[in-house]
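Shown next: coords-v9.cif, containing mmCIF, C-alpha atoms.
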data_query
#
loop_
_atom_site.label_atom_id
_atom_site.label_comp_id
_atom_site.auth_asym_id
_atom_site.auth_seq_id
_atom_site.Cartn_x
_atom_site.Cartn_y
_atom_site.Cartn_z
CA MET A 1 -20.46 -4.93 -2.45
CA LYS A 2 -18.92 -5.95 -5.73
CA ASP A 3 -15.32 -6.37 -6.73
CA LEU A 4 -13.98 -6.60 -3.17
CA PRO A 5 -12.00 -9.87 -3.03
CA SER A 6 -10.47 -9.15 0.39
CA PHE A 7 -13.96 -8.51 1.78
CA GLU A 8 -15.18 -11.83 0.37
CA LEU A 9 -12.26 -13.67 1.97
CA LEU A 10 -13.09 -12.10 5.33
CA VAL A 11 -16.76 -13.07 4.95
CA ASP A 12 -15.65 -16.65 4.16
CA SER A 13 -13.63 -16.74 7.38
CA PHE A 14 -16.50 -15.46 9.53
CA ALA A 15 -18.92 -17.88 7.85
CA LYS A 16 -16.80 -20.80 9.10
CA LEU A 17 -17.73 -19.97 12.71
CA PRO A 18 -20.55 -21.92 14.35
CA GLY A 19 -24.00 -20.31 14.08
CA VAL A 20 -22.81 -17.70 11.59
CA GLY A 21 -24.60 -17.71 8.23
CA ARG A 22 -23.60 -15.80 5.11
CA LYS A 23 -25.68 -12.74 6.03
CA SER A 24 -24.29 -12.51 9.58
CA ALA A 25 -20.78 -13.02 8.23
CA GLU A 26 -21.30 -10.06 5.88
CA ARG A 27 -22.51 -7.89 8.77
CA MET A 28 -19.47 -8.86 10.81
CA ALA A 29 -17.07 -8.16 7.96
CA SER A 30 -18.75 -4.76 7.44
CA ALA A 31 -18.28 -4.06 11.15
CA VAL A 32 -14.56 -4.78 10.74
CA LEU A 33 -14.38 -2.13 7.99
CA ASP A 34 -16.07 0.35 10.37
CA MET A 35 -13.73 -0.54 13.27
CA PRO A 36 -10.80 1.62 14.31
CA GLN A 37 -7.60 0.33 12.70
CA GLU A 38 -6.10 -0.70 16.05
CA ASP A 39 -9.14 -2.81 16.94
CA ALA A 40 -8.87 -4.72 13.66
CA GLU A 41 -5.13 -5.22 14.22
CA GLN A 42 -5.78 -6.44 17.77
CA PHE A 43 -8.45 -8.82 16.44
CA SER A 44 -6.09 -10.21 13.82
CA LYS A 45 -3.30 -10.58 16.38
CA SER A 46 -5.51 -12.17 19.04
CA LEU A 47 -6.66 -14.83 16.57
CA ILE A 48 -3.17 -15.98 15.81
CA ASP A 49 -1.97 -15.53 19.42
CA ALA A 50 -4.80 -17.65 20.82
CA LYS A 51 -4.15 -20.31 18.20
CA ASN A 52 -0.39 -20.39 18.84
CA ARG A 53 -0.34 -20.06 22.64
CA ILE A 54 -3.24 -22.27 23.67
CA HIS A 55 -2.78 -26.05 23.59
CA PRO A 56 -4.33 -29.02 25.38
CA CYS A 57 -3.01 -29.81 28.87
CA PRO A 58 -0.88 -32.97 28.48
CA ASN A 59 -2.50 -34.40 31.62
CA CYS A 60 -6.24 -33.76 31.25
CA GLY A 61 -6.76 -32.29 27.77
CA LEU A 62 -8.28 -28.98 28.88
CA PHE A 63 -6.87 -25.88 27.19
CA THR A 64 -3.91 -24.10 28.74
CA GLU A 65 -1.17 -21.65 27.84
CA LYS A 66 1.26 -23.22 30.32
CA ASP A 67 2.84 -26.67 30.75
CA THR A 68 -0.05 -27.85 32.92
CA CYS A 69 -3.57 -26.47 33.05
CA PHE A 70 -5.07 -24.36 35.83
CA TYR A 71 -7.04 -27.31 37.23
CA CYS A 72 -4.32 -29.97 37.21
CA ALA A 73 -1.84 -27.50 38.72
CA ASP A 74 -4.20 -26.43 41.53
CA GLU A 75 -3.09 -28.33 44.67
CA SER A 76 -6.19 -27.22 46.57
CA ARG A 77 -8.47 -29.20 44.24
CA ASP A 78 -9.76 -32.67 45.01
CA HIS A 79 -7.67 -34.74 42.60
CA SER A 80 -9.48 -37.92 43.64
CA LEU A 81 -12.68 -36.76 41.91
CA CYS A 82 -12.55 -36.51 38.11
CA ILE A 83 -15.29 -35.39 35.72
CA VAL A 84 -14.88 -36.96 32.26
CA VAL A 85 -16.09 -34.77 29.40
CA ALA A 86 -16.13 -35.10 25.61
CA ARG A 87 -14.85 -31.58 24.81
CA PRO A 88 -12.81 -28.98 26.77
CA LYS A 89 -15.66 -26.46 26.82
CA ASP A 90 -17.96 -28.96 28.58
CA ALA A 91 -15.84 -28.48 31.71
CA ASP A 92 -16.85 -24.80 31.81
CA ALA A 93 -20.46 -25.71 32.63
CA PHE A 94 -19.31 -27.39 35.86
CA GLU A 95 -16.85 -24.63 36.75
CA LYS A 96 -19.62 -22.05 36.38
CA ILE A 97 -21.81 -23.72 39.03
CA GLY A 98 -18.69 -24.30 41.14
CA VAL A 99 -20.17 -27.10 43.26
CA LEU A 100 -17.31 -29.55 42.87
CA ASN A 101 -13.69 -28.57 43.34
CA CYS A 102 -12.51 -31.43 41.16
CA VAL A 103 -10.26 -32.20 38.19
CA TYR A 104 -11.27 -33.11 34.64
CA HIS A 105 -10.44 -35.47 31.83
CA VAL A 106 -11.20 -34.70 28.18
CA LEU A 107 -11.94 -37.68 25.92
CA GLY A 108 -11.66 -35.62 22.75
CA GLY A 109 -14.96 -36.85 21.30
CA LEU A 110 -17.61 -39.55 21.59
CA LEU A 111 -17.76 -43.07 20.22
CA ASN A 112 -19.44 -43.02 16.82
CA PRO A 113 -19.04 -46.14 14.67
CA ALA A 114 -20.85 -44.45 11.77
CA LYS A 115 -18.11 -41.81 11.64
CA GLY A 116 -15.39 -44.35 12.37
CA ILE A 117 -14.63 -43.00 15.85
CA GLY A 118 -13.66 -45.95 18.02
CA PRO A 119 -12.24 -46.28 21.58
CA GLU A 120 -8.66 -45.93 20.25
CA ASP A 121 -9.51 -42.39 19.03
CA LEU A 122 -10.45 -41.22 22.55
CA ALA A 123 -8.13 -40.53 25.50
CA ILE A 124 -9.26 -43.66 27.37
CA ASP A 125 -5.88 -45.34 27.93
CA HIS A 126 -4.62 -42.08 29.36
CA LEU A 127 -7.61 -41.96 31.74
CA VAL A 128 -6.70 -45.45 32.98
CA GLU A 129 -3.11 -44.28 33.55
CA ARG A 130 -4.38 -41.29 35.51
CA ILE A 131 -6.59 -43.49 37.70
CA GLN A 132 -3.53 -45.56 38.56
CA ASN A 133 -1.10 -42.67 39.02
CA GLU A 134 -3.22 -39.95 40.59
CA GLY A 135 -5.34 -41.91 43.05
CA ILE A 136 -8.68 -41.05 41.42
CA LYS A 137 -11.49 -42.47 43.60
CA GLU A 138 -14.58 -41.31 41.73
CA ILE A 139 -15.23 -40.68 38.06
CA VAL A 140 -18.33 -38.76 36.91
CA LEU A 141 -19.13 -39.46 33.26
CA ALA A 142 -20.57 -36.20 31.90
CA MET A 143 -21.38 -36.81 28.26
CA ASN A 144 -24.35 -35.20 26.52
CA PRO A 145 -27.53 -37.30 26.82
CA THR A 146 -27.44 -38.41 23.17
CA ILE A 147 -27.00 -41.83 21.61
CA GLU A 148 -23.26 -41.25 21.16
CA GLY A 149 -22.95 -39.91 24.71
CA GLU A 150 -24.82 -42.87 26.19
CA THR A 151 -22.80 -45.38 24.18
CA THR A 152 -19.55 -43.77 25.29
CA SER A 153 -20.66 -43.69 28.95
CA LEU A 154 -21.64 -47.36 28.94
CA PHE A 155 -18.45 -48.38 27.15
CA LEU A 156 -16.31 -46.42 29.62
CA ALA A 157 -18.21 -47.72 32.65
CA HIS A 158 -17.53 -51.32 31.56
CA ALA A 159 -13.94 -50.70 30.51
CA LEU A 160 -13.03 -48.87 33.72
CA ALA A 161 -14.84 -51.38 35.95
CA ALA A 162 -12.64 -54.09 34.41
CA VAL A 163 -9.29 -52.37 35.02
CA ALA A 164 -10.09 -50.32 38.15
CA PRO A 165 -12.94 -51.98 40.05
CA GLU A 166 -12.21 -49.93 43.19
CA VAL A 167 -13.10 -46.64 41.46
CA LYS A 168 -16.69 -45.40 41.84
CA ILE A 169 -18.13 -44.59 38.42
CA THR A 170 -21.26 -42.45 38.09
CA ARG A 171 -23.02 -40.58 35.33
CA LEU A 172 -25.08 -37.38 35.50
CA GLY A 173 -28.74 -37.75 36.47
CA TYR A 174 -31.34 -37.48 33.72
CA GLY A 175 -34.84 -36.09 34.13
CA LEU A 176 -36.89 -32.93 33.90
CA PRO A 177 -34.84 -29.75 33.67
CA MET A 178 -35.65 -27.30 36.49
CA GLY A 179 -38.38 -24.83 35.58
CA ALA A 180 -39.64 -27.06 32.77
CA SER A 181 -43.30 -27.79 32.11
CA LEU A 182 -44.59 -31.39 32.01
CA ASP A 183 -46.70 -30.40 28.99
CA TYR A 184 -43.59 -29.78 26.93
CA ALA A 185 -41.38 -32.60 28.17
CA ASP A 186 -40.61 -35.16 25.45
CA ALA A 187 -41.42 -38.83 26.02
CA LEU A 188 -37.81 -39.92 26.52
CA THR A 189 -37.08 -37.23 29.10
CA LEU A 190 -40.26 -38.14 30.98
CA GLN A 191 -39.29 -41.81 30.89
CA LYS A 192 -35.84 -40.98 32.30
CA ALA A 193 -37.48 -38.79 34.96
CA LEU A 194 -39.66 -41.73 36.01
CA GLU A 195 -36.71 -44.12 36.07
CA GLY A 196 -34.79 -41.62 38.17
CA ARG A 197 -37.63 -40.90 40.65
CA LYS A 198 -36.63 -40.40 44.28
CA SER A 199 -38.57 -41.13 47.47
CA LEU A 200 -39.34 -38.09 49.59
CA MET B 201 -11.77 -21.71 30.82
CA LYS B 202 -9.57 -20.11 33.41
CA ASP B 203 -6.12 -18.62 33.15
CA LEU B 204 -6.20 -18.22 29.36
CA PRO B 205 -5.44 -14.53 28.69
CA SER B 206 -5.05 -14.96 24.92
CA PHE B 207 -8.46 -16.67 24.80
CA GLU B 208 -10.03 -13.78 26.72
CA LEU B 209 -8.52 -11.26 24.31
CA LEU B 210 -9.97 -13.18 21.36
CA VAL B 211 -13.39 -13.30 23.05
CA ASP B 212 -13.17 -9.52 23.59
CA SER B 213 -12.53 -9.01 19.87
CA PHE B 214 -15.45 -11.20 18.80
CA ALA B 215 -17.74 -9.50 21.33
CA LYS B 216 -17.13 -6.16 19.59
CA LEU B 217 -18.97 -7.43 16.48
CA PRO B 218 -22.64 -6.49 16.03
CA GLY B 219 -25.13 -9.02 17.38
CA VAL B 220 -22.44 -11.01 19.19
CA GLY B 221 -22.87 -11.34 22.96
CA ARG B 222 -20.33 -12.71 25.43
CA LYS B 223 -21.64 -16.27 25.12
CA SER B 224 -21.56 -16.29 21.30
CA ALA B 225 -18.10 -14.71 21.36
CA GLU B 226 -16.89 -17.56 23.61
CA ARG B 227 -18.34 -20.13 21.20
CA MET B 228 -16.63 -18.42 18.28
CA ALA B 229 -13.28 -18.25 20.08
CA SER B 230 -13.61 -21.95 20.97
CA ALA B 231 -14.27 -22.69 17.31
CA VAL B 232 -11.04 -20.90 16.43
CA LEU B 233 -9.14 -23.22 18.79
CA ASP B 234 -10.74 -26.22 17.02
CA MET B 235 -9.95 -24.82 13.55
CA PRO B 236 -7.07 -26.11 11.42
CA GLN B 237 -4.01 -23.87 11.88
CA GLU B 238 -4.15 -22.61 8.27
CA ASP B 239 -7.80 -21.54 8.62
CA ALA B 240 -6.95 -19.47 11.69
CA GLU B 241 -3.96 -17.94 9.89
CA GLN B 242 -6.13 -17.15 6.87
CA PHE B 243 -8.76 -15.59 9.17
CA SER B 244 -6.13 -13.42 10.87
CA LYS B 245 -4.65 -12.39 7.53
CA SER B 246 -8.02 -11.66 5.90
CA LEU B 247 -8.94 -9.32 8.75
CA ILE B 248 -5.90 -7.15 8.31
CA ASP B 249 -5.96 -7.43 4.50
CA ALA B 250 -9.59 -6.30 4.29
CA LYS B 251 -8.86 -3.44 6.66
CA ASN B 252 -5.76 -2.30 4.75
CA ARG B 253 -6.94 -2.79 1.17
CA ILE B 254 -10.54 -1.57 1.35
CA HIS B 255 -11.21 2.17 1.47
CA PRO B 256 -14.07 4.48 0.50
CA CYS B 257 -14.33 5.44 -3.17
CA PRO B 258 -13.21 9.11 -3.35
CA ASN B 259 -16.16 9.84 -5.64
CA CYS B 260 -19.19 8.15 -4.05
CA GLY B 261 -18.02 6.77 -0.70
CA LEU B 262 -18.79 3.10 -1.40
CA PHE B 263 -16.05 0.64 -0.50
CA THR B 264 -13.42 -0.28 -3.05
CA GLU B 265 -9.95 -1.78 -3.31
CA LYS B 266 -9.10 0.33 -6.37
CA ASP B 267 -8.83 4.05 -7.12
CA THR B 268 -12.50 4.25 -8.10
CA CYS B 269 -15.29 1.89 -7.08
CA PHE B 270 -16.96 -0.71 -9.30
CA TYR B 271 -20.07 1.47 -9.76
CA CYS B 272 -18.41 4.81 -10.52
CA ALA B 273 -15.99 3.09 -12.93
CA ASP B 274 -18.76 1.28 -14.84
CA GLU B 275 -19.42 3.27 -18.03
CA SER B 276 -22.53 1.21 -18.82
CA ARG B 277 -24.33 2.53 -15.73
CA ASP B 278 -26.75 5.42 -15.79
CA HIS B 279 -24.66 8.14 -14.14
CA SER B 280 -27.56 10.59 -14.30
CA LEU B 281 -29.49 8.62 -11.64
CA CYS B 282 -27.99 8.61 -8.16
CA ILE B 283 -29.29 6.85 -5.04
CA VAL B 284 -28.18 8.63 -1.85
CA VAL B 285 -27.64 6.30 1.13
CA ALA B 286 -26.45 6.79 4.69
CA ARG B 287 -24.00 3.85 4.82
CA PRO B 288 -22.12 1.87 2.13
CA LYS B 289 -23.94 -1.37 2.91
CA ASP B 290 -27.33 0.26 2.19
CA ALA B 291 -26.37 0.27 -1.50
CA ASP B 292 -26.22 -3.54 -1.45
CA ALA B 293 -29.99 -3.76 -0.92
CA PHE B 294 -30.57 -1.98 -4.24
CA GLU B 295 -27.88 -3.95 -6.07
CA LYS B 296 -29.47 -7.20 -4.93
CA ILE B 297 -32.81 -6.38 -6.57
CA GLY B 298 -30.92 -5.03 -9.60
CA VAL B 299 -33.79 -2.89 -10.91
CA LEU B 300 -31.83 0.33 -11.37
CA ASN B 301 -28.50 0.43 -13.11
CA CYS B 302 -27.53 3.62 -11.31
CA VAL B 303 -24.71 5.15 -9.27
CA TYR B 304 -24.66 5.88 -5.53
CA HIS B 305 -23.64 8.52 -3.05
CA VAL B 306 -22.81 7.73 0.59
CA LEU B 307 -23.57 10.47 3.11
CA GLY B 308 -21.63 8.76 5.88
CA GLY B 309 -24.44 9.02 8.43
CA LEU B 310 -27.68 10.81 9.24
CA LEU B 311 -28.36 14.21 10.78
CA ASN B 312 -28.66 13.82 14.52
CA PRO B 313 -28.47 17.04 16.57
CA ALA B 314 -28.60 15.04 19.83
CA LYS B 315 -25.34 13.34 18.87
CA GLY B 316 -23.89 16.54 17.39
CA ILE B 317 -24.03 15.28 13.79
CA GLY B 318 -24.78 18.29 11.57
CA PRO B 319 -24.83 18.83 7.77
CA GLU B 320 -21.09 19.59 7.77
CA ASP B 321 -20.40 16.02 8.99
CA LEU B 322 -22.12 14.46 5.97
CA ALA B 323 -20.85 14.34 2.37
CA ILE B 324 -23.41 16.91 1.18
CA ASP B 325 -21.08 19.48 -0.41
CA HIS B 326 -19.52 16.67 -2.38
CA LEU B 327 -22.96 15.56 -3.57
CA VAL B 328 -23.61 19.10 -4.85
CA GLU B 329 -20.26 19.01 -6.68
CA ARG B 330 -21.19 15.67 -8.25
CA ILE B 331 -24.55 17.02 -9.41
CA GLN B 332 -22.74 19.86 -11.15
CA ASN B 333 -19.88 17.78 -12.60
CA GLU B 334 -21.52 14.48 -13.50
CA GLY B 335 -24.83 15.62 -14.95
CA ILE B 336 -27.00 13.92 -12.33
CA LYS B 337 -30.68 14.35 -13.31
CA GLU B 338 -32.46 12.43 -10.56
CA ILE B 339 -31.58 11.81 -6.94
CA VAL B 340 -33.38 9.12 -4.92
CA LEU B 341 -33.05 9.72 -1.17
CA ALA B 342 -32.90 6.25 0.39
CA MET B 343 -32.53 6.76 4.12
CA ASN B 344 -34.12 4.46 6.69
CA PRO B 345 -37.68 5.53 7.60
CA THR B 346 -36.66 6.80 11.06
CA ILE B 347 -36.72 10.28 12.58
CA GLU B 348 -33.06 10.83 11.66
CA GLY B 349 -33.62 9.45 8.17
CA GLU B 350 -36.67 11.66 7.59
CA THR B 351 -34.89 14.74 8.93
CA THR B 352 -31.92 14.11 6.68
CA SER B 353 -34.15 13.53 3.63
CA LEU B 354 -36.08 16.75 4.20
CA PHE B 355 -32.91 18.75 4.81
CA LEU B 356 -31.28 17.37 1.66
CA ALA B 357 -34.41 17.92 -0.46
CA HIS B 358 -34.47 21.60 0.55
CA ALA B 359 -30.72 22.11 0.26
CA LEU B 360 -30.49 20.47 -3.17
CA ALA B 361 -33.60 22.25 -4.50
CA ALA B 362 -31.90 25.55 -3.64
CA VAL B 363 -28.62 24.86 -5.46
CA ALA B 364 -29.81 22.52 -8.22
CA PRO B 365 -33.52 23.18 -8.94
CA GLU B 366 -33.33 21.27 -12.25
CA VAL B 367 -32.59 17.97 -10.52
CA LYS B 368 -35.55 15.72 -9.71
CA ILE B 369 -35.44 14.67 -6.05
CA THR B 370 -37.48 11.72 -4.79
CA ARG B 371 -37.56 9.55 -1.72
CA LEU B 372 -38.51 5.87 -1.35
CA GLY B 373 -42.22 5.10 -1.00
CA TYR B 374 -43.53 4.23 2.47
CA GLY B 375 -46.38 1.84 3.19
CA LEU B 376 -47.19 -1.77 3.91
CA PRO B 377 -44.36 -4.19 3.23
CA MET B 378 -45.34 -6.88 0.72
CA GLY B 379 -46.75 -10.02 2.33
CA ALA B 380 -47.55 -8.16 5.54
CA SER B 381 -50.81 -8.50 7.45
CA LEU B 382 -52.98 -5.44 8.18
CA ASP B 383 -53.55 -6.88 11.67
CA TYR B 384 -49.91 -6.45 12.54
CA ALA B 385 -49.16 -3.16 10.79
CA ASP B 386 -48.28 -0.37 13.23
CA ALA B 387 -50.27 2.88 13.20
CA LEU B 388 -47.53 4.96 11.58
CA THR B 389 -46.97 2.49 8.74
CA LEU B 390 -50.72 2.34 8.12
CA GLN B 391 -50.91 6.15 8.11
CA LYS B 392 -48.07 6.30 5.56
CA ALA B 393 -49.80 3.61 3.47
CA LEU B 394 -52.98 5.73 3.43
CA GLU B 395 -51.06 8.88 2.52
CA GLY B 396 -49.33 6.97 -0.28
CA ARG B 397 -52.50 5.34 -1.66
CA LYS B 398 -52.69 4.99 -5.45
CA SER B 399 -55.70 4.99 -7.73
CA LEU B 400 -56.25 1.78 -9.64
#
Show this structure as structure tokens.
Amino acid sequence: MKDLPSFELLVDSFAKLPGVGRKSAERMASAVLDMPQEDAEQFSKSLIDAKNRIHPCPNCGLFTEKDTCFYCADESRDHSLCIVVARPKDADAFEKIGVLNCVYHVLGGLLNPAKGIGPEDLAIDHLVERIQNEGIKEIVLAMNPTIEGETTSLFLAHALAAVAPEVKITRLGYGLPMGASLDYADALTLQKALEGRKSL
Amino acid sequence: MKDLPSFELLVDSFAKLPGVGRKSAERMASAVLDMPQEDAEQFSKSLIDAKNRIHPCPNCGLFTEKDTCFYCADESRDHSLCIVVARPKDADAFEKIGVLNCVYHVLGGLLNPAKGIGPEDLAIDHLVERIQNEGIKEIVLAMNPTIEGETTSLFLAHALAAVAPEVKITRLGYGLPMGASLDYADALTLQKALEGRKSL
């Protein structure tokens, strides 16, 4: 479609989304043109509403539309158990399985010296404050099993052990994913699975 | 993420786009929360701008922001050759290869008795008017090679032959796509390739 500047701008916006290439963005923008007017207006409004109403919880960093997030405000949760995640959406994975009725803490990223992200860029001091103020007894470090995730986990484990030695600090177990085939497991995963072997 | 109604509304909007499931829509909505404020505002604005500014060309049905579309307004094009397509975006495929410097006509759909779409729902009368007023000499029917596309092509070929016998009416060639393997060609495609065989 030529000579359609407002279409191009819309394609540009869609193409900024993760996993959306130019071609997909064009299909999405075309779909907007085919949409009923009220759907497009609702879409436009919901974008700006979500952006304006949703903000990080001042306590844990998860997203909320209120003063405190759903999890921090829930008295029935176990506030002594805290899962530490890099990004707000990582908490969703744990909520979906619903095994632990715990609270969360969002670091806001992972240590990455190459990108200049140091400990002062993450919400670590605030985590220490929470340990002291909220009576947290166990912290589960739930970073992705990458170099940055591992580095951040180790750094946090040492830093927290120094200021709060009474708190139990664990990380997620590594090993074969359920349903996987040994044939296709990479060397590092297999090594972690061996290190993490359990007696039966 | 719980208790975030404005997030859910945004996910609903994304999930209405083609090829976007619930999970992708959640990723896209999360990306909006991570976006700079001005990007989200631009996205919201571009949605409503595209919707309000873009409309079908009154002559051919392709999208435009002006009174007449880029193609109809271009005097250097061959207005005697017209490619008939079902949807505006189908014209893009021909523009991308840039072989024909022609004009277009959008039917607005395909005949589909099961869905109650009859000839009166398509821009056929208008095509007849254009043939008479614009001196169209050749019409290329470029519908998808599906049952609805074939039905529409045959119907149009008969209808146009009756009112404008002097106009040459063709359809796209069917056969093996370039680079394809005979092993993987389906029976119908192979049959069409045989029917469309050319002497060398």
Give one line per residue of chain A that approaches chain B to at most 9 Å, naming the two atoms of the closest pair and their distance in Å to one decimal, counting all atoms listed in the file; sort by chain then ascending residue number and deliver it as a tab-separated table.
residue	atom	partner	partner_atom	distance
A:Met1	CA	B:Asp292	CA	6.0
A:Lys2	CA	B:Phe270	CA	6.6
A:Asp3	CA	B:Phe270	CA	6.4
A:Leu4	CA	B:Glu265	CA	6.3
A:Pro5	CA	B:Glu265	CA	8.4
A:Ser6	CA	B:Ala250	CA	4.9
A:Phe7	CA	B:Ala250	CA	5.5
A:Glu8	CA	B:Ala250	CA	8.8
A:Leu9	CA	B:Ser246	CA	6.1
A:Leu10	CA	B:Ser246	CA	5.1
A:Val11	CA	B:Ser246	CA	8.9
A:Asp12	CA	B:Phe243	CA	8.6
A:Ser13	CA	B:Phe243	CA	5.3
A:Phe14	CA	B:Phe243	CA	7.7
A:Lys16	CA	B:Ala231	CA	8.8
A:Leu17	CA	B:Met228	CA	5.9
A:Pro18	CA	B:Met228	CA	6.6
A:Gly19	CA	B:Ser224	CA	8.6
A:Ser24	CA	B:Gly219	CA	8.6
A:Arg27	CA	B:Pro218	CA	7.4
A:Met28	CA	B:Leu217	CA	5.9
A:Ala29	CA	B:Leu247	CA	8.3
A:Ser30	CA	B:Lys289	CA	7.7
A:Ala31	CA	B:Leu217	CA	6.3
A:Val32	CA	B:Lys251	CA	7.1
A:Leu33	CA	B:Lys251	CA	5.8
A:Asp34	CA	B:Lys251	CA	9.0
A:Met35	CA	B:Lys251	CA	8.7
A:Gln37	CA	B:Lys251	CA	7.2
A:Asp39	CA	B:Ser213	CA	7.6
A:Ala40	CA	B:Ile248	CA	6.6
A:Glu41	CA	B:Ile248	CA	6.3
A:Gln42	CA	B:Ser213	CA	7.5
A:Phe43	CA	B:Ser213	CA	5.3
A:Ser44	CA	B:Ser244	CA	4.4
A:Lys45	CA	B:Ser244	CA	6.8
A:Ser46	CA	B:Leu210	CA	5.1
A:Leu47	CA	B:Ser244	CA	5.9
A:Ile48	CA	B:Glu241	CA	6.3
A:Asp49	CA	B:Ser206	CA	6.3
A:Ala50	CA	B:Ser206	CA	4.9
A:Lys51	CA	B:Leu233	CA	5.8
A:Asn52	CA	B:Gln237	CA	8.6
A:Arg53	CA	B:Ser206	CA	7.3
A:Ile54	CA	B:Leu204	CA	7.6
A:His55	CA	B:Leu233	CA	8.5
A:Leu62	CA	B:Met201	CA	8.3
A:Phe63	CA	B:Met201	CA	7.4
A:Thr64	CA	B:Leu204	CA	6.3
A:Glu65	CA	B:Leu204	CA	6.3
A:Cys69	CA	B:Asp203	CA	8.3
A:Phe70	CA	B:Asp203	CA	6.4
A:Tyr71	CA	B:Lys202	CA	8.5
A:Pro88	CA	B:Met201	CA	8.4
A:Lys89	CA	B:Met201	CA	7.3
A:Ala91	CA	B:Met201	CA	7.9
A:Asp92	CA	B:Met201	CA	6.0
A:Glu95	CA	B:Met201	CA	8.3
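For the atom pair formed by CA of Ile347 (chain B) and CA of Gly308 (chain B), the distance is 16.6 Å, given to one decimal.
For the pair CA of Ile83 (chain A) and CA of Cys102 (chain A), the separation is 7.3 Å.
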- Query: If you count all atoms listed in the file, which residues fall within 8 Å of region 374-381 of chain B, apart from same-chain ones fewer than 6 positions away, as a ChimeraX atom specification?
  - Reply: /B:345,389-394,396
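Note that CA of Gly335 (chain B) and CA of Ser280 (chain B) are 5.8 Å apart.
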- Message: Would you pick out the contacts of Leu160 (chain A) at 10 Å or less, using all atoms listed in the file, so that residues sharing its chain but fewer than 6 positions from it are not included, and give the list as a count of residues only?
- Response: 11
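Residue neighbourhood of Ser153 (chain A), excluding near-sequence residues (fewer than 4 positions): Leu110, Leu141, Ala142, Met143, Glu148, Gly149, Ala157, His158 and Arg171 of chain A, at 9 Å, using all atoms listed in the file.
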